[in-house]
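Worksheet: one structure, shown below.
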Amino acid sequence: MKKMIISCLVTAILVTAFWCTMAGYFIGNYIVQFGLERGGEADNPKAPPRAYALLMPPESRQFSKPDARSEVWQIRSDDGLLLRATRFYPEEGTHRWVIVVHGYGCTQQNSWYIASTYLSLGYNVLTPDLRASGDSEGQFLTMGYKESVDVEHWAKEIAKRDPESRIAFHGVSMGAAAVMLAAASDKLPSNVVACIEDCGFTSAYHLLALRLEDSFGLPAFPAMNLLDWRCERLADFSLRHAAPIKVMDRVRMPILFIHGEKDTLVPPYMADLLYEACRSQNKEIFLAPDSIHGAASQTAHDAYYKKVTEFLGKYMR
């Protein structure tokens, strides 16, 4: 009898584990495809992931292109993707450059309102379409992980074309994660002299775990473990890799952390954690009052660009 009870318990545990794993497999696949795979609209293979497409319908994704001379650049990523960007020229020649990096589900068009301000300040501006976004190739977003290496290559392309260039990074949201990860790379050209991150997260894994708990009441374990398992298999990266907090001890260049105090998507305390973890001797933080996620440059426009120009003015001479 005792052996039968034990056998039944073991069988029940194995069956439960099997069905939980199968459920995790299918649910994880769905979430990865829903949140990270481009082509969220049946008639548009370049459309953002369905998660973003639900929040921002196509008619809301129209942005005015800066009124400046421009040209299209392209490079190949380490994994063979053709990546495209737009280079904008200021009115007068200069060796000051900024790479403006867009966020999750967006395209370079979402960077154009920031690009316009930099152009008025006399900067050359490069606005890339990140992998799996806009006119760049790729199937899955990687929450800043592989994008950071692509940003690094864009900086190398600028340095190749303009050896006297002084380059700043400016990333928003997922783009902020990408530029923070890039800023920690020991392969960056010396031309890159400063970094601005706007509303970036400490870790994609922790951010999604927080959203699962707050929005759906789901425990991080085992939901995140199953999700990350499928993410590694489908999108070829771990959400734990997209973790700027892990590389802050390697960032030595000047860096400005910006965050909206009313950000409910990426909580403002993440900016504090990133700032405290950063080992740069030239770091600053600016919390924009009454600003939600990704909107500080608009709702706190004057204070935002005053801080940005004062910060960059020290390093972009």
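Each chain in the structure tokens gets a letter, A, B, ..., in the order shown, and its residues are numbered from 1; ligands are numbered from 1 in order too.
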Exercise for the section: Assign secondary structure with DSSP using the backbone only, and return the residues of region 93-255 of chain A in alpha helix (DSSP H) as an NGL selection string. Expected result: :A and (112-120 or 145-161 or 174-183 or 204-216 or 220-235)
Problem - Shell of 8 Å around region 101-115 of chain A, only C-alpha atoms, local chain residues under 2 positions omitted, as a ChimeraX atom specification - result: /A:48-49,52-53,61-66,85,99,117-119,125,127-130,133-134,141,143,169-176,178-179,297
Output file for the residues above (N, CA and C atoms, as a CSV table (one decimal), in the first residue's frame):
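again_30.csv written:
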```csv
chain,number,residue,atom,x,y,z
A,48,PRO,N,5.4,46.9,-35.8
A,48,PRO,CA,6.0,46.6,-34.5
A,48,PRO,C,5.3,45.4,-33.9
A,49,PRO,N,5.8,44.8,-32.8
A,49,PRO,CA,5.1,43.7,-32.1
A,49,PRO,C,3.7,44.0,-31.8
A,52,TYR,N,2.9,46.4,-28.9
A,52,TYR,CA,3.0,47.8,-29.1
A,52,TYR,C,1.9,48.3,-30.1
A,53,ALA,N,1.6,47.5,-31.1
A,53,ALA,CA,0.6,47.9,-32.1
A,53,ALA,C,-0.8,48.1,-31.4
A,61,ARG,N,1.5,56.9,-35.3
A,61,ARG,CA,2.9,56.8,-35.5
A,61,ARG,C,3.5,57.7,-36.6
A,62,GLN,N,2.9,58.8,-36.8
A,62,GLN,CA,3.3,59.7,-37.8
A,62,GLN,C,4.1,60.9,-37.2
A,63,PHE,N,5.3,61.1,-37.6
A,63,PHE,CA,6.2,62.1,-37.1
A,63,PHE,C,6.8,63.0,-38.2
A,64,SER,N,7.0,64.2,-37.9
A,64,SER,CA,7.6,65.1,-38.9
A,64,SER,C,9.1,65.0,-39.0
A,65,LYS,N,9.6,64.8,-40.2
A,65,LYS,CA,11.0,64.7,-40.4
A,65,LYS,C,11.7,66.0,-40.2
A,66,PRO,N,12.8,66.1,-39.6
A,66,PRO,CA,13.5,67.4,-39.4
A,66,PRO,C,13.8,68.0,-40.8
A,85,ALA,N,19.9,53.8,-41.1
A,85,ALA,CA,19.7,55.0,-40.2
A,85,ALA,C,19.7,56.2,-41.1
A,99,ILE,N,24.0,60.2,-31.5
A,99,ILE,CA,23.2,59.1,-32.0
A,99,ILE,C,21.9,59.0,-31.1
A,117,THR,N,15.9,69.2,-32.2
A,117,THR,CA,16.5,70.0,-31.2
A,117,THR,C,18.0,70.0,-31.3
A,118,TYR,N,18.6,68.8,-31.5
A,118,TYR,CA,20.0,68.7,-31.6
A,118,TYR,C,20.5,69.4,-32.8
A,119,LEU,N,19.8,69.3,-33.9
A,119,LEU,CA,20.2,70.0,-35.2
A,119,LEU,C,20.2,71.5,-34.9
A,125,VAL,N,23.3,64.6,-36.6
A,125,VAL,CA,22.5,63.6,-35.9
A,125,VAL,C,22.3,62.3,-36.7
A,127,THR,N,19.9,58.9,-36.6
A,127,THR,CA,18.8,58.2,-36.0
A,127,THR,C,18.6,56.8,-36.6
A,128,PRO,N,19.1,55.8,-35.9
A,128,PRO,CA,19.0,54.4,-36.5
A,128,PRO,C,17.6,53.9,-36.3
A,129,ASP,N,17.2,53.0,-37.2
A,129,ASP,CA,16.2,52.0,-37.0
A,129,ASP,C,16.8,50.8,-36.3
A,130,LEU,N,16.5,50.5,-35.1
A,130,LEU,CA,17.1,49.4,-34.4
A,130,LEU,C,16.7,48.1,-35.1
A,133,SER,N,13.1,46.8,-36.5
A,133,SER,CA,12.3,48.0,-36.4
A,133,SER,C,12.5,48.8,-37.7
A,134,GLY,N,11.4,49.4,-38.1
A,134,GLY,CA,11.5,50.3,-39.3
A,134,GLY,C,12.0,49.6,-40.5
A,141,LEU,N,12.9,41.9,-31.3
A,141,LEU,CA,13.6,42.8,-30.5
A,141,LEU,C,14.3,42.1,-29.3
A,143,MET,N,15.3,43.9,-26.4
A,143,MET,CA,15.2,44.8,-25.2
A,143,MET,C,16.5,45.5,-24.9
A,169,PHE,N,25.8,59.6,-27.1
A,169,PHE,CA,24.6,58.7,-27.2
A,169,PHE,C,23.4,59.4,-26.5
A,170,HIS,N,22.2,59.2,-27.1
A,170,HIS,CA,21.0,59.7,-26.4
A,170,HIS,C,19.9,58.6,-26.7
A,171,GLY,N,19.6,57.8,-25.7
A,171,GLY,CA,18.6,56.8,-25.8
A,171,GLY,C,17.4,56.9,-24.9
A,172,VAL,N,16.2,56.5,-25.4
A,172,VAL,CA,15.0,56.6,-24.7
A,172,VAL,C,14.4,55.2,-24.5
A,173,SER,N,14.1,54.9,-23.2
A,173,SER,CA,13.4,53.7,-22.8
A,173,SER,C,14.3,52.5,-23.2
A,174,MET,N,13.8,51.6,-24.1
A,174,MET,CA,14.7,50.5,-24.5
A,174,MET,C,15.9,51.0,-25.2
A,175,GLY,N,15.8,52.1,-25.9
A,175,GLY,CA,17.0,52.7,-26.5
A,175,GLY,C,18.0,53.2,-25.4
A,176,ALA,N,17.4,53.6,-24.2
A,176,ALA,CA,18.3,54.0,-23.1
A,176,ALA,C,19.1,52.8,-22.6
A,178,ALA,N,19.9,50.2,-24.4
A,178,ALA,CA,20.9,50.0,-25.4
A,178,ALA,C,22.1,50.8,-25.3
A,179,VAL,N,21.9,52.1,-25.1
A,179,VAL,CA,23.1,53.0,-25.0
A,179,VAL,C,23.9,52.8,-23.7
A,297,SER,N,11.1,64.9,-22.4
A,297,SER,CA,11.6,65.9,-23.3
A,297,SER,C,10.5,66.8,-23.9
```
Problem - Nearest-residue call for Ile258 (chain A), choices A:Lys307, A:Arg161, A:Arg84, A:His206, using only C-alpha atoms - result: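 Comparing A:Lys307, A:Arg161, A:Arg84, A:His206 against Ile258 (chain A), the winner is A:Lys307.
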Practice task
Tell me which protein, DNA and RNA residues are within 8 Å of Pro289 (chain A), counting only C-alpha atoms, leaving out same-chain ones fewer than 4 positions away, and put them as a PyMOL selection string.
Solution key: chain A and resi 260-262+300
Exercise for the section: Between CA of Leu212 (chain A) and CA of Gly35 (chain A), measure the distance and give it in Å to one decimal. Expected result: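 Separating CA of Leu212 (chain A) from CA of Gly35 (chain A) is a distance of 13.2 Å.
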Handout entry: Selection near Arg240 (chain A), 8 Å with only C-alpha atoms, sequence-local residues under 2 positions removed, as an MDAnalysis selection string
Key = chainID A and resid 203:205 238 242:243
Limited to N, CA and C atoms, could you put the picked residues into a file as an mmCIF file, in the first residue's frame?
```
data_model
loop_
_atom_site.group_PDB
_atom_site.id
_atom_site.type_symbol
_atom_site.label_atom_id
_atom_site.label_comp_id
_atom_site.auth_asym_id
_atom_site.auth_seq_id
_atom_site.Cartn_x
_atom_site.Cartn_y
_atom_site.Cartn_z
ATOM 1 N N SER A 203 16.794 46.278 -15.593
ATOM 2 C CA SER A 203 16.854 44.944 -16.176
ATOM 3 C C SER A 203 15.517 44.624 -16.815
ATOM 4 N N ALA A 204 15.541 44.125 -18.042
ATOM 5 C CA ALA A 204 14.293 43.749 -18.710
ATOM 6 C C ALA A 204 13.591 42.631 -17.939
ATOM 7 N N TYR A 205 14.361 41.726 -17.381
ATOM 8 C CA TYR A 205 13.795 40.609 -16.613
ATOM 9 C C TYR A 205 13.026 41.143 -15.398
ATOM 10 N N SER A 238 18.607 36.030 -23.618
ATOM 11 C CA SER A 238 17.933 35.958 -22.321
ATOM 12 C C SER A 238 17.559 37.361 -21.868
ATOM 13 N N ALA A 242 19.635 41.702 -20.938
ATOM 14 C CA ALA A 242 19.270 43.108 -21.145
ATOM 15 C C ALA A 242 19.181 43.787 -19.790
ATOM 16 N N ALA A 243 20.335 43.931 -19.152
ATOM 17 C CA ALA A 243 20.385 44.406 -17.766
ATOM 18 C C ALA A 243 21.472 45.458 -17.594
#
```
Exercise for the section: Excluding Phe34 (chain A) and any residue of its chain fewer than 3 positions from it, enumerate the residues within 6 Å of it, using only C-alpha atoms, and give them as a PyMOL selection string. Expected result: chain A and resi 30-31+50-51
Output of the above residues as a short mmCIF file (atom, residue, chain, number, x, y, z; two decimals), in the first residue's frame, restricted to N, CA and C atoms:
```cif
data_model
loop_
_atom_site.label_atom_id
_atom_site.label_comp_id
_atom_site.auth_asym_id
_atom_site.auth_seq_id
_atom_site.Cartn_x
_atom_site.Cartn_y
_atom_site.Cartn_z
N TYR A 30 3.74 32.38 -26.91
CA TYR A 30 2.78 33.42 -27.27
C TYR A 30 3.26 34.79 -26.78
N ILE A 31 3.74 34.85 -25.54
CA ILE A 31 4.17 36.14 -25.00
C ILE A 31 5.38 36.68 -25.75
N ARG A 50 2.83 43.01 -31.68
CA ARG A 50 1.40 43.23 -31.42
C ARG A 50 1.15 43.98 -30.13
N ALA A 51 2.00 43.76 -29.12
CA ALA A 51 1.83 44.46 -27.84
C ALA A 51 1.90 45.97 -28.04
#
```
Problem - Residue set, region 78-194 of chain A restricted to strand (DSSP E or B), as a list in words - result: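 The strand (DSSP E or B) residues within region 78-194 of chain A come out as Leu82, Leu83, Arg84, Ala85, Thr86, Arg87, Phe88, Arg96, Trp97, Val98, Ile99, Val100, Val101, Asn124, Val125, Leu126, Thr127, Pro128, Phe140, Arg166, Ile167, Ala168, Phe169, His170, Gly171, Val172, Val192, Val193 and Ala194 of chain A.
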Could those selected residues go to a file with C-alpha atoms, as a PDB file, in the first residue's frame?
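After the write, result-v2.pdb holds the following:
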```
ATOM      1  CA  LEU A  82      21.115  45.006 -42.769  1.00  0.00           C
ATOM      2  CA  LEU A  83      20.605  48.009 -40.478  1.00  0.00           C
ATOM      3  CA  ARG A  84      19.591  51.465 -41.676  1.00  0.00           C
ATOM      4  CA  ALA A  85      19.745  54.950 -40.220  1.00  0.00           C
ATOM      5  CA  THR A  86      19.268  58.551 -41.315  1.00  0.00           C
ATOM      6  CA  ARG A  87      22.116  61.022 -41.008  1.00  0.00           C
ATOM      7  CA  PHE A  88      21.012  64.659 -40.649  1.00  0.00           C
ATOM      8  CA  ARG A  96      29.844  67.158 -32.885  1.00  0.00           C
ATOM      9  CA  TRP A  97      27.569  64.156 -33.284  1.00  0.00           C
ATOM     10  CA  VAL A  98      24.712  62.521 -31.419  1.00  0.00           C
ATOM     11  CA  ILE A  99      23.175  59.098 -32.024  1.00  0.00           C
ATOM     12  CA  VAL A 100      19.514  59.233 -30.944  1.00  0.00           C
ATOM     13  CA  VAL A 101      18.189  55.749 -30.163  1.00  0.00           C
ATOM     14  CA  ASN A 124      25.163  66.132 -36.710  1.00  0.00           C
ATOM     15  CA  VAL A 125      22.462  63.607 -35.866  1.00  0.00           C
ATOM     16  CA  LEU A 126      22.165  59.901 -36.649  1.00  0.00           C
ATOM     17  CA  THR A 127      18.790  58.236 -36.013  1.00  0.00           C
ATOM     18  CA  PRO A 128      19.005  54.448 -36.475  1.00  0.00           C
ATOM     19  CA  PHE A 140      12.835  39.922 -32.746  1.00  0.00           C
ATOM     20  CA  ARG A 166      33.003  63.670 -30.838  1.00  0.00           C
ATOM     21  CA  ILE A 167      29.972  61.464 -30.317  1.00  0.00           C
ATOM     22  CA  ALA A 168      27.242  61.384 -27.693  1.00  0.00           C
ATOM     23  CA  PHE A 169      24.600  58.698 -27.194  1.00  0.00           C
ATOM     24  CA  HIS A 170      21.007  59.662 -26.394  1.00  0.00           C
ATOM     25  CA  GLY A 171      18.598  56.766 -25.843  1.00  0.00           C
ATOM     26  CA  VAL A 172      14.990  56.629 -24.690  1.00  0.00           C
ATOM     27  CA  VAL A 192      32.295  58.463 -27.981  1.00  0.00           C
ATOM     28  CA  VAL A 193      32.568  60.896 -25.084  1.00  0.00           C
ATOM     29  CA  ALA A 194      29.174  61.044 -23.337  1.00  0.00           C
TER      30      ALA A 194
END
```
Exercise for the section: Extract, using only C-alpha atoms, all DNA, RNA and protein residues at most 10 Å from Met270 (chain A), discarding same-chain residues fewer than 4 positions from it, and format them as a list in words. Expected result: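 In the requested form, the answer reads Cys199, Gly200, Phe201, Thr202, Ser203, Leu207, Ile245, His259, Val266, Leu274, Tyr275 and Glu276 of chain A.
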Problem - Å distance separating CA of Ile255 (chain A) from CA of Leu208 (chain A), one decimal place - result: 25.0 Å
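What separates CA of Glu284 (chain A) from CA of Phe311 (chain A) is a distance of 8.3 Å.
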Handout entry: From A:Glu137, A:Ile75, A:Thr309, A:Arg317, residue lying nearest Lys156 (chain A) [only C-alpha atoms]
Key =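 Using only C-alpha atoms, the shortest distance to Lys156 (chain A) belongs to A:Ile75.
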Problem - Residue contacts of Lys46 (chain A) (10 Å, only C-alpha atoms) excluding same-chain residues fewer than 5 positions away, as a PyMOL selection string - result: chain A and resi 38-41+132-139
